[in-house]
Structures are given as C-alpha cells and as structure tokens.
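Novice: Dropping in run06.txt, which is compact mmCIF, C-alpha atoms and all ligand atoms:
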```
# COMPACT_ATOMS: atom_id res chain seq x y z
CA MET W 4 5.63 -10.55 16.15
CA SER W 5 7.63 -7.37 15.67
CA ALA W 6 7.46 -4.49 13.18
CA PRO W 7 7.31 -5.55 9.52
CA VAL W 8 10.81 -5.26 8.07
CA GLY W 9 11.72 -3.59 4.76
CA LYS W 10 14.72 -2.37 2.87
CA GLY W 11 16.87 0.51 4.04
CA THR W 12 17.98 3.57 2.16
CA GLU W 13 21.51 3.19 0.91
CA GLY W 14 23.14 5.44 -1.66
CA ARG W 15 21.30 7.70 -4.06
CA PRO W 16 17.53 8.00 -3.39
CA THR W 17 15.17 6.97 -6.21
CA HIS W 18 13.84 10.52 -6.63
CA ILE W 19 15.97 13.65 -6.52
CA THR W 20 14.98 17.27 -7.08
CA ALA W 21 18.35 18.62 -8.14
CA GLU W 22 19.77 21.47 -6.03
CA ARG W 23 16.48 21.94 -4.16
CA PHE W 24 18.33 22.58 -0.86
CA PHE W 25 21.43 24.24 -2.37
CA GLY W 26 22.76 26.88 0.03
CA GLN W 27 20.22 25.97 2.73
CA GLY W 28 21.17 25.05 6.30
CA VAL W 29 19.11 22.10 7.55
CA VAL W 30 19.03 20.33 10.92
CA VAL W 31 17.55 16.80 11.00
CA THR W 32 16.96 15.07 14.35
CA GLY W 33 16.83 11.32 14.84
CA ALA W 34 19.01 10.97 11.75
CA ALA W 35 20.93 7.82 12.73
CA GLN W 36 18.36 5.50 11.12
CA GLY W 37 14.88 5.12 9.68
CA ILE W 38 12.88 8.08 8.42
CA GLY W 39 15.39 10.66 9.74
CA LYS W 40 18.26 9.01 7.88
CA ALA W 41 16.18 8.81 4.67
CA VAL W 42 15.41 12.53 4.96
CA ALA W 43 19.09 13.32 5.54
CA GLN W 44 20.04 11.27 2.48
CA ARG W 45 17.59 13.03 0.22
CA ILE W 46 18.65 16.50 1.40
CA ALA W 47 22.34 15.63 1.08
CA TYR W 48 21.78 14.50 -2.54
CA GLU W 49 19.84 17.72 -3.12
CA ASP W 50 22.91 19.76 -2.04
CA GLY W 51 21.75 21.00 1.38
CA ASN W 52 24.16 21.83 4.21
CA LEU W 53 23.24 19.40 6.97
CA VAL W 54 23.62 19.01 10.70
CA LEU W 55 22.45 15.54 11.75
CA VAL W 56 21.47 15.10 15.41
CA ASP W 57 20.84 11.90 17.34
CA ARG W 58 21.40 10.32 20.73
CA SER W 59 23.20 7.43 19.01
CA PRO W 60 26.81 7.79 17.77
CA ILE W 61 25.69 5.90 14.63
CA VAL W 62 24.73 9.37 13.38
CA HIS W 63 28.44 10.06 12.79
CA GLU W 64 28.60 7.08 10.40
CA VAL W 65 25.55 8.38 8.53
CA ALA W 66 27.21 11.80 8.20
CA GLU W 67 30.40 10.16 6.93
CA GLU W 68 28.38 8.20 4.33
CA LEU W 69 26.65 11.35 3.08
CA ARG W 70 29.60 13.73 2.96
CA GLN W 71 30.31 13.07 -0.72
CA ALA W 72 26.65 12.89 -1.80
CA GLY W 73 26.12 16.49 -2.87
CA ALA W 74 27.57 19.98 -2.89
CA GLY W 75 26.71 20.71 0.76
CA THR W 76 28.45 20.07 4.09
CA VAL W 77 27.37 17.29 6.46
CA ASP W 78 28.13 17.43 10.20
CA SER W 79 26.78 15.41 13.09
CA PHE W 80 26.15 15.89 16.80
CA THR W 81 25.08 13.58 19.61
CA THR W 82 22.78 14.82 22.34
CA ASP W 83 19.67 13.83 24.26
CA LEU W 84 16.77 15.86 22.89
CA GLU W 85 14.48 14.92 25.78
CA THR W 86 16.06 17.92 27.55
CA PHE W 87 15.99 21.60 26.62
CA GLU W 88 19.75 21.71 27.23
CA GLY W 89 20.17 18.97 24.61
CA ALA W 90 18.13 20.90 22.05
CA THR W 91 19.99 24.13 22.79
CA ALA W 92 23.35 22.37 22.46
CA ALA W 93 22.32 20.88 19.08
CA LEU W 94 21.38 24.30 17.74
CA GLU W 95 24.56 25.90 19.10
CA PHE W 96 26.51 23.25 17.20
CA ALA W 97 24.42 23.97 14.10
CA GLY W 98 25.22 27.67 14.56
CA GLU W 99 28.94 26.86 14.41
CA LYS W 100 28.67 24.59 11.34
CA LEU W 101 26.00 26.25 9.18
CA LYS W 102 26.30 29.72 7.68
CA ASN W 103 22.53 30.04 8.01
CA LEU W 104 19.78 27.97 9.61
CA ASP W 105 16.80 27.65 7.26
CA VAL W 106 15.07 24.38 8.11
CA VAL W 107 14.65 22.31 11.28
CA ILE W 108 13.21 18.80 10.88
CA ASN W 109 12.10 17.33 14.21
CA ASN W 110 11.87 13.61 13.61
CA VAL W 111 12.75 12.04 17.00
CA GLY W 112 9.98 9.86 18.40
CA GLY W 113 8.45 6.41 18.21
CA THR W 114 6.22 4.10 20.23
CA ILE W 115 8.10 2.24 22.95
CA TRP W 116 5.33 -0.12 24.11
CA ALA W 117 2.17 -1.48 22.50
CA LYS W 118 -0.66 -2.30 24.88
CA PRO W 119 -4.16 -1.24 25.91
CA PHE W 120 -4.05 2.05 27.87
CA HIS W 121 -5.07 0.49 31.17
CA GLU W 122 -2.00 -1.75 31.02
CA TYR W 123 0.51 1.14 30.93
CA SER W 124 2.29 2.07 34.17
CA GLU W 125 2.77 5.71 35.14
CA GLU W 126 6.49 5.43 34.37
CA GLU W 127 5.83 3.98 30.91
CA ILE W 128 3.41 6.80 30.11
CA ARG W 129 6.01 9.40 31.12
CA LYS W 130 8.64 7.69 28.98
CA GLU W 131 6.35 7.69 25.93
CA ILE W 132 5.65 11.42 26.34
CA ASN W 133 9.34 12.13 26.91
CA ARG W 134 10.25 10.21 23.74
CA SER W 135 7.60 11.52 21.36
CA LEU W 136 6.59 15.00 22.54
CA PHE W 137 9.46 16.72 24.36
CA PRO W 138 12.20 16.42 21.70
CA THR W 139 9.92 18.28 19.27
CA LEU W 140 8.70 20.79 21.86
CA TRP W 141 12.23 21.62 23.02
CA MET W 142 13.62 21.82 19.49
CA CYS W 143 10.83 24.19 18.40
CA ARG W 144 11.43 26.38 21.47
CA ALA W 145 15.20 26.41 20.94
CA ALA W 146 15.06 26.98 17.16
CA LEU W 147 12.39 29.64 17.00
CA PRO W 148 14.42 32.65 18.26
CA ILE W 149 17.18 31.77 15.78
CA LEU W 150 14.78 31.54 12.85
CA ILE W 151 13.06 34.78 13.86
CA GLU W 152 16.40 36.57 14.10
CA ASN W 153 17.37 35.17 10.67
CA GLY W 154 14.21 36.65 9.18
CA GLY W 155 12.38 33.35 8.66
CA GLY W 156 12.63 29.62 8.15
CA THR W 157 10.74 26.35 8.29
CA ILE W 158 10.04 23.81 11.01
CA VAL W 159 8.86 20.36 9.90
CA ASN W 160 7.73 18.06 12.69
CA VAL W 161 7.13 14.33 12.28
CA SER W 162 3.85 13.25 13.86
CA SER W 163 1.96 9.97 13.30
CA ILE W 164 -1.35 8.61 12.05
CA ALA W 165 -1.34 6.71 15.36
CA THR W 166 -3.40 9.53 16.89
CA GLY W 167 -6.23 7.40 15.47
CA GLY W 168 -4.83 4.01 16.40
CA ILE W 169 -5.14 1.34 19.06
CA ASN W 170 -2.77 0.09 21.79
CA ARG W 171 -0.60 3.22 22.06
CA VAL W 172 -2.60 5.95 23.74
CA PRO W 173 0.41 7.67 25.42
CA TYR W 174 2.24 7.82 22.07
CA ALA W 175 -0.96 9.12 20.44
CA ALA W 176 -1.18 11.78 23.18
CA ALA W 177 2.40 12.82 22.46
CA LYS W 178 1.79 13.02 18.70
CA GLY W 179 -1.50 14.85 19.27
CA GLY W 180 0.69 17.32 21.19
CA VAL W 181 2.99 17.58 18.18
CA ASN W 182 -0.03 18.38 15.99
CA GLY W 183 -1.05 21.04 18.52
CA ILE W 184 2.42 22.60 18.34
CA VAL W 185 2.09 22.79 14.55
CA SER W 186 -1.29 24.52 14.46
CA ALA W 187 -0.71 26.87 17.41
CA LEU W 188 2.88 27.81 16.63
CA ALA W 189 2.08 28.40 12.96
CA HIS W 190 -0.31 31.16 14.07
CA GLU W 191 2.39 32.89 16.12
CA ALA W 192 5.27 32.31 13.74
CA ALA W 193 3.75 33.38 10.42
CA GLN W 194 4.33 37.07 11.20
CA HIS W 195 8.05 36.20 11.48
CA ASN W 196 8.10 34.41 8.12
CA VAL W 197 8.47 31.06 9.87
CA ARG W 198 6.38 28.14 8.56
CA VAL W 199 5.47 25.28 10.90
CA VAL W 200 4.25 22.05 9.30
CA ALA W 201 4.26 18.28 9.83
CA THR W 202 3.72 14.95 8.21
CA ALA W 203 1.87 12.15 9.98
CA PRO W 204 3.46 8.94 8.73
CA GLY W 205 1.58 5.68 8.63
CA GLY W 206 3.19 2.29 9.14
CA THR W 207 6.60 2.32 7.48
CA LEU W 208 8.85 -0.56 6.48
CA ALA W 209 12.43 -0.23 7.71
CA PRO W 210 15.35 -2.56 8.35
CA GLU W 211 15.67 -4.13 11.82
CA ARG W 212 16.45 -1.13 14.07
CA ALA W 213 20.10 -0.79 15.16
CA VAL W 214 18.85 1.59 17.88
CA LYS W 215 15.94 -0.22 19.51
CA ARG W 216 12.93 1.80 20.63
CA GLY W 217 12.48 -0.32 23.75
CA PRO W 218 12.43 -3.87 25.00
CA GLY W 219 10.16 -5.11 22.16
CA PRO W 220 7.11 -7.30 22.66
CA GLU W 221 7.81 -10.12 25.13
CA GLY W 222 5.46 -13.04 25.70
CA GLU W 223 2.34 -14.07 23.80
CA LEU W 224 0.10 -11.27 25.10
CA GLU W 225 2.47 -8.42 24.19
CA LYS W 226 3.03 -9.99 20.76
CA LYS W 227 -0.74 -10.14 20.26
CA TRP W 228 -1.11 -6.45 21.19
CA TYR W 229 1.66 -5.55 18.76
CA GLN W 230 0.08 -7.63 16.01
CA GLN W 231 -3.21 -5.79 16.58
CA ILE W 232 -1.39 -2.52 15.79
CA VAL W 233 0.06 -3.97 12.58
CA ASP W 234 -3.34 -5.34 11.51
CA GLN W 235 -5.16 -2.10 12.28
CA THR W 236 -2.50 -0.04 10.52
CA ILE W 237 -2.89 -2.03 7.30
CA ASP W 238 -6.69 -2.18 7.65
CA SER W 239 -6.96 1.61 8.02
CA THR W 240 -5.05 2.31 4.82
CA LEU W 241 -6.84 2.37 1.51
CA MET W 242 -3.76 0.86 -0.11
CA LYS W 243 -3.53 -2.13 2.27
CA ARG W 244 0.20 -1.93 2.75
CA TYR W 245 2.96 -0.25 4.76
CA GLY W 246 4.88 2.65 3.22
CA THR W 247 8.60 2.84 2.53
CA LEU W 248 11.22 5.11 4.06
CA GLU W 249 11.52 7.00 0.77
CA GLU W 250 7.73 7.48 0.68
CA GLN W 251 8.01 9.16 4.11
CA ALA W 252 11.11 11.22 3.31
CA ALA W 253 9.61 12.68 0.10
CA PRO W 254 6.72 14.67 1.67
CA ILE W 255 8.90 15.78 4.59
CA CYS W 256 11.43 17.19 2.12
CA PHE W 257 8.69 18.81 0.02
CA LEU W 258 7.23 20.55 3.08
CA ALA W 259 10.73 21.62 4.15
CA SER W 260 11.51 23.13 0.75
CA GLU W 261 10.63 26.50 -0.73
CA GLU W 262 8.17 24.71 -3.03
CA ALA W 263 5.84 24.56 -0.01
CA SER W 264 6.11 28.30 0.67
CA TYR W 265 2.31 28.78 0.97
CA ILE W 266 1.77 25.89 3.41
CA THR W 267 1.83 26.40 7.16
CA GLY W 268 -0.08 25.00 10.15
CA SER W 269 -0.83 21.78 8.25
CA VAL W 270 -0.26 18.16 9.23
CA MET W 271 -0.12 16.02 6.08
CA PRO W 272 -1.18 12.39 6.58
CA VAL W 273 1.21 10.04 4.73
CA GLY W 274 -0.45 6.74 5.40
CA GLY W 275 -1.76 5.29 2.14
CA GLY W 276 -5.12 6.96 2.68
CA ASP W 277 -5.24 6.58 6.48
CA GLN W 278 -6.07 10.08 7.73
CA GLY W 279 -5.04 9.29 11.34
N1 LIG R 1 8.42 3.99 11.49
C1 LIG R 1 7.11 4.12 11.48
O1 LIG R 1 6.38 3.19 11.11
C2 LIG R 1 6.48 5.42 11.90
C3 LIG R 1 5.09 5.60 11.76
C4 LIG R 1 4.49 6.80 12.16
C5 LIG R 1 5.29 7.81 12.69
N2 LIG R 1 6.64 7.60 12.83
C6 LIG R 1 7.42 8.69 13.42
O2 LIG R 1 8.51 8.99 12.55
C7 LIG R 1 9.66 9.35 13.32
C8 LIG R 1 10.83 8.46 12.95
O3 LIG R 1 10.45 7.11 13.11
P1 LIG R 1 11.48 5.92 12.87
O4 LIG R 1 10.70 4.66 12.92
O5 LIG R 1 12.31 6.22 11.70
O6 LIG R 1 12.35 6.06 14.22
P2 LIG R 1 13.46 5.08 14.83
O7 LIG R 1 12.96 4.62 16.16
O8 LIG R 1 13.89 4.05 13.86
O9 LIG R 1 14.67 6.09 15.03
C9 LIG R 1 14.58 7.17 15.91
C10 LIG R 1 15.93 7.83 16.04
O10 LIG R 1 15.81 8.85 17.04
C11 LIG R 1 16.88 8.75 17.96
N3 LIG R 1 16.44 9.24 19.27
C12 LIG R 1 15.49 8.69 20.08
N4 LIG R 1 15.38 9.40 21.19
C13 LIG R 1 16.24 10.44 21.08
C14 LIG R 1 16.58 11.52 21.93
N5 LIG R 1 16.00 11.70 23.13
N6 LIG R 1 17.53 12.40 21.52
C15 LIG R 1 18.14 12.25 20.32
N7 LIG R 1 17.86 11.23 19.48
C16 LIG R 1 16.93 10.34 19.86
C17 LIG R 1 17.24 7.28 17.99
O11 LIG R 1 18.58 7.10 18.43
C18 LIG R 1 17.02 6.87 16.54
O12 LIG R 1 18.17 7.03 15.76
C19 LIG R 1 9.24 9.23 14.78
O13 LIG R 1 8.85 10.48 15.28
C20 LIG R 1 8.04 8.29 14.74
O14 LIG R 1 7.17 8.50 15.81
C21 LIG R 1 7.24 6.44 12.44
```
Starting from the file, give its structure as structure tokens.
Ligand SMILES: NC(=O)c1ccc[n+]([C@@H]2O[C@H](COP(=O)([O-])OP(=O)(O)OC[C@H]3O[C@@H](n4cnc5c(N)ncnc54)[C@H](O)[C@@H]3O)[C@@H](O)[C@H]2O)c1

Specialist:
Amino acid sequence: MSAPVGKGTEGRPTHITAERFFGQGVVVTGAAQGIGKAVAQRIAYEDGNLVLVDRSPIVHEVAEELRQAGAGTVDSFTTDLETFEGATAALEFAGEKLKNLDVVINNVGGTIWAKPFHEYSEEEIRKEINRSLFPTLWMCRAALPILIENGGGTIVNVSSIATGGINRVPYAAAKGGVNGIVSALAHEAAQHNVRVVATAPGGTLAPERAVKRGPGPEGELEKKWYQQIVDQTIDSTLMKRYGTLEEQAAPICFLASEEASYITGSVMPVGGGDQG
C-alpha cells in the first residue's frame, strides 16, 4: 500500500482571485510538485512575481509552464534547503530576480518512513528532522532580516495534522517544531510588520511523486504500518476523505495574501475537520 493517488494540478486552477498577488514578490519552496507546485500555480495565475525553489531540477519545468500564466515573472532555483547556506543562496537569488520580497512560503517537508517510534533508527530520526524542520527553520532565519529591512512581509509555513497521528513520531516532532516557530516568531516579528502563519494539511491526494520522499514501504509489515496511517487519517477527518492539492493551496494563498492582514501566529488545520 502506498499513498492514495489523485489528480495533479495542470493549467488554470479552479478558483482564482484575480490580481491578488499583483506586484508582490513571492518565494515558494518545494515547488517542483505536490502542494508547493499547486501554490505556485495559483499565485502565478493571480499575477504574483515568483521564485520557485526546490532540490529537484523539475522545478525549472514548473517555472517554464507557469511563465505565461499571469502578469508576473517566474524564476526557479535549485538548492538543498536542509542547510543554512542553501536557504541563504535561495534568498540571494530571489533578491536578484524580485524587485521586492513580500511573501515566503516554506513548503518543503514530508514523512520519509512510516513505522512505530521504537522501530526508527537514530539515522532515520535525524533524516526526518532534517527533511521536515530544518528547511523551514533555515528559510525563516534567512528571510527575516530581508523582510524586516523591507518594512514587513509574510511567512507561511506548511505544517501537518500529523502532529496528532500515528507511525510518524519524528515527522510529528519536526512539524511540532514548525508550529513552535510560527507562534514564537510571530511574537517577535509583529513589531516589524512581519506576519508568521501556517497551514496544517491533512492527507492530500496527489499524482504518483516524481521526486520520491524515500524508499517507500517495503514488505508486508511496512505496508501495514503505512496503511494504518491512511486509515487513521481518514478516520480522524469529519469528512471521511483525503483533500485535494487545490484544497491545500487555497488556504496557503489566503494566509499569504493581504486579505489575511490581521492573522499572525496561527496554524490553520486543513484536514476536513481533523484538528491535528
Ligand atoms: N501530501 C500530504 O498528504 C501532506 C499532508 C500533510 C502535510 N504535508 C506537508 O505539505 C508539504 C508538501 O507536501 P507534498 O506532499 O506536496 O510534498 P512532496 O514530497 O510531494 O514534495 C516535496 C518537494 O520538496 C522538495 N524538497 C525536499 N527536500 C528538499 C530540500 N532539502 N531542499 C529543497 N527542496 C526539497 C522535493 O524535491 C519535492 O519537490 C510538506 O511540508 C508536507 O510535510 C503534506
């Protein structure tokens, strides 16, 4: 058993708020596929100026696809955001391409393994934290001085309802860390006119991943542990289904936009009623 598969996001998104990001400079990380790509699509169609960042060169294809979507520019950059150098390099590139940096959307992350906590090795735990906490921590640290100097801006992090889920404690610890960044940094950053917010997506249907998160469940036991996650995810929703990529992109884009100007320090659960 692997993740439930659903349709991708090609072309014009179903919902558009015309010109919502017109004139705004937006960085989206993890934009080569999945939720990050769906966010990039929506912002491109809403006329934002985008810098798309990913470790995978597929991000350049996504940028190419989106270049004609709206009135804004779309550029792309490959780097490893598990390092501070990678985050700094991404924002230096953004500084060259964008007239102004207004929004940073930190979307990189994702469970690598699914198993009971006592089955994780030390190395696996480190890799989960490196994947799902550090890219957000480093990007926040690297972006903040730029936003402060600009007189303000918005950081949207992508967390997970998995902080309340089974068979992925290290990932939950990383996303709990992301939630901590949101609430603590929002306190510090408000005086600089910087908002810090997040969504916590629930289970989300996406096409088979071109960039794999890890080896995938192997053998009957690992498949069973993965299936337990899928079952619990659906069980914990009120709506008894997975969400779609567009259903995840929409609240991220709302929180990123000026419409959400009185919201900071909040993590919005987007899990069909699962509060995480
Ligand atoms: N898909 C879900 O069901 C779901 C549910 C809850 C939360 N989330 C969260 O939403 C976010 C996006 O999830 P997704 O399923 O769309 O992700 P995904 O695994 O499909 O894509 C992640 C992207 O990030 C890139 N990436 C990974 N490590 C990187 C690094 N060190 N530097 C630069 N780029 C890197 C990958 O190349 C890939 O393009 C993640 O933070 C995930 O934890 C997803």

Novice: From the options W:Phe257, W:Gly274, W:Pro204, W:Thr139, which residue's atoms come nearest to His18 in chain W, counting all atoms listed in the file?

Specialist: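 Among W:Phe257, W:Gly274, W:Pro204, W:Thr139, it is W:Phe257 that comes nearest to His18 in chain W.
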
Novice: Report as CSV the residues of chain W within 6 Å of ligand LIG 1 (chain R), each with its shortest atom pair and distance in Å (one decimal), using all atoms listed in the file, ordered by chain and increasing residue number.

Specialist:
```
residue,atom,partner,partner_atom,distance
W:Gly33,CA,R:LIG1,O10,3.5
W:Ala34,CA,R:LIG1,O12,5.7
W:Ala35,CA,R:LIG1,O12,4.2
W:Gln36,CA,R:LIG1,O12,4.9
W:Gly37,CA,R:LIG1,O5,3.4
W:Ile38,CA,R:LIG1,O5,3.8
W:Gly39,CA,R:LIG1,O5,5.7
W:Asp57,CA,R:LIG1,N7,3.7
W:Arg58,CA,R:LIG1,C15,3.8
W:Ser59,CA,R:LIG1,O11,4.7
W:Thr82,CA,R:LIG1,C15,5.7
W:Asp83,CA,R:LIG1,N6,3.8
W:Leu84,CA,R:LIG1,N6,3.8
W:Glu85,CA,R:LIG1,N5,4.4
W:Asn110,CA,R:LIG1,O13,4.7
W:Val111,CA,R:LIG1,O10,4.4
W:Gly112,CA,R:LIG1,O13,3.4
W:Gly113,CA,R:LIG1,O14,3.4
W:Arg134,CA,R:LIG1,N4,5.8
W:Val161,CA,R:LIG1,O13,5.2
W:Ser162,CA,R:LIG1,C5,5.7
W:Ser163,CA,R:LIG1,C5,4.0
W:Pro204,CA,R:LIG1,C4,4.2
W:Gly205,CA,R:LIG1,C3,4.7
W:Gly206,CA,R:LIG1,O1,3.9
W:Thr207,CA,R:LIG1,O1,3.7
W:Arg212,CA,R:LIG1,O8,5.8
W:Val214,CA,R:LIG1,O11,5.5
W:Arg216,CA,R:LIG1,O7,5.3
```

Novice: Rank W:Cys256, W:Gln235, W:Gln278, W:Glu223 by their smallest atom-to-atom distance to Ile164 in chain W, using all atoms listed in the file, and report the top residue only.

Specialist: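 Residue with the minimum atom-to-atom distance to Ile164 in chain W: W:Gln278.
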
Novice: Here is a test: counting only C-alpha atoms, which residue of W:Phe120, W:Arg198, W:Gly279, W:Val270 is nearest to Gly167 in chain W?

Specialist: W:Gly279

Novice: Suppose you want the space between CA of Gln194 in chain W and CA of Glu262 in chain W; what is it in Å?

Specialist: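 These two atoms are separated by 19.2 Å.
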
Novice: Given the choices W:Gly219, W:Pro7, W:Pro16, W:Gly28, which gets closest to Thr76 in chain W if the distance is worked out from all atoms listed in the file?

Specialist: W:Gly28

Novice: What's around His121 in chain W at 10 Å? Count all atoms listed in the file, leave out sequence neighbours fewer than 3 positions away in its own chain, and write the answer as an MDAnalysis selection string.

Specialist: chainID W and resid 118 124 170 172

Novice: Go through W:Leu248, W:Leu140, W:Leu147, W:Ala259 and flag the residue nearest Thr17 in chain W, using only C-alpha atoms for the distances.

Specialist: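 Checking each candidate against Thr17 in chain W, we get W:Leu248 as the closest.
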
Novice: Check the smallest atom-to-atom distance from each of W:Leu69, W:Ala90, W:Tyr123, W:Thr32 to Glu225 in chain W using all atoms listed in the file, then report the winner.

Specialist: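 The shortest atom-to-atom distance to Glu225 in chain W comes from W:Tyr123.
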
Novice: Kindly give the distance, in Å, that separates CA of Thr236 in chain W and CA of Thr202 in chain W, rounded to a single decimal.

Specialist: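 If I compute the distance from CA of Thr236 in chain W to CA of Thr202 in chain W, I get 16.4 Å.
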
Novice: Would you mind listing what lies within 6 Å of Val199 in chain W as JSON, numbers by chain, with only C-alpha atoms counted and same-chain residues fewer than 2 positions away left out?

Specialist: {"W": [157, 158, 185, 189, 267, 268]}

Novice: Please dump the current selection as a compact mmCIF listing (two decimals), keeping the file's coordinate frame; keep C-alpha atoms.

Specialist:
```txt
# COMPACT_ATOMS: atom_id res chain seq x y z
CA THR W 157 10.74 26.35 8.29
CA ILE W 158 10.04 23.81 11.01
CA VAL W 185 2.09 22.79 14.55
CA ALA W 189 2.08 28.40 12.96
CA THR W 267 1.83 26.40 7.16
CA GLY W 268 -0.08 25.00 10.15
```

Novice: One decimal, in Å: what's the spacing between CA of Leu224 in chain W and CA of Leu136 in chain W?

Specialist: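 Going from CA of Leu224 in chain W over to CA of Leu136 in chain W covers 27.2 Å.
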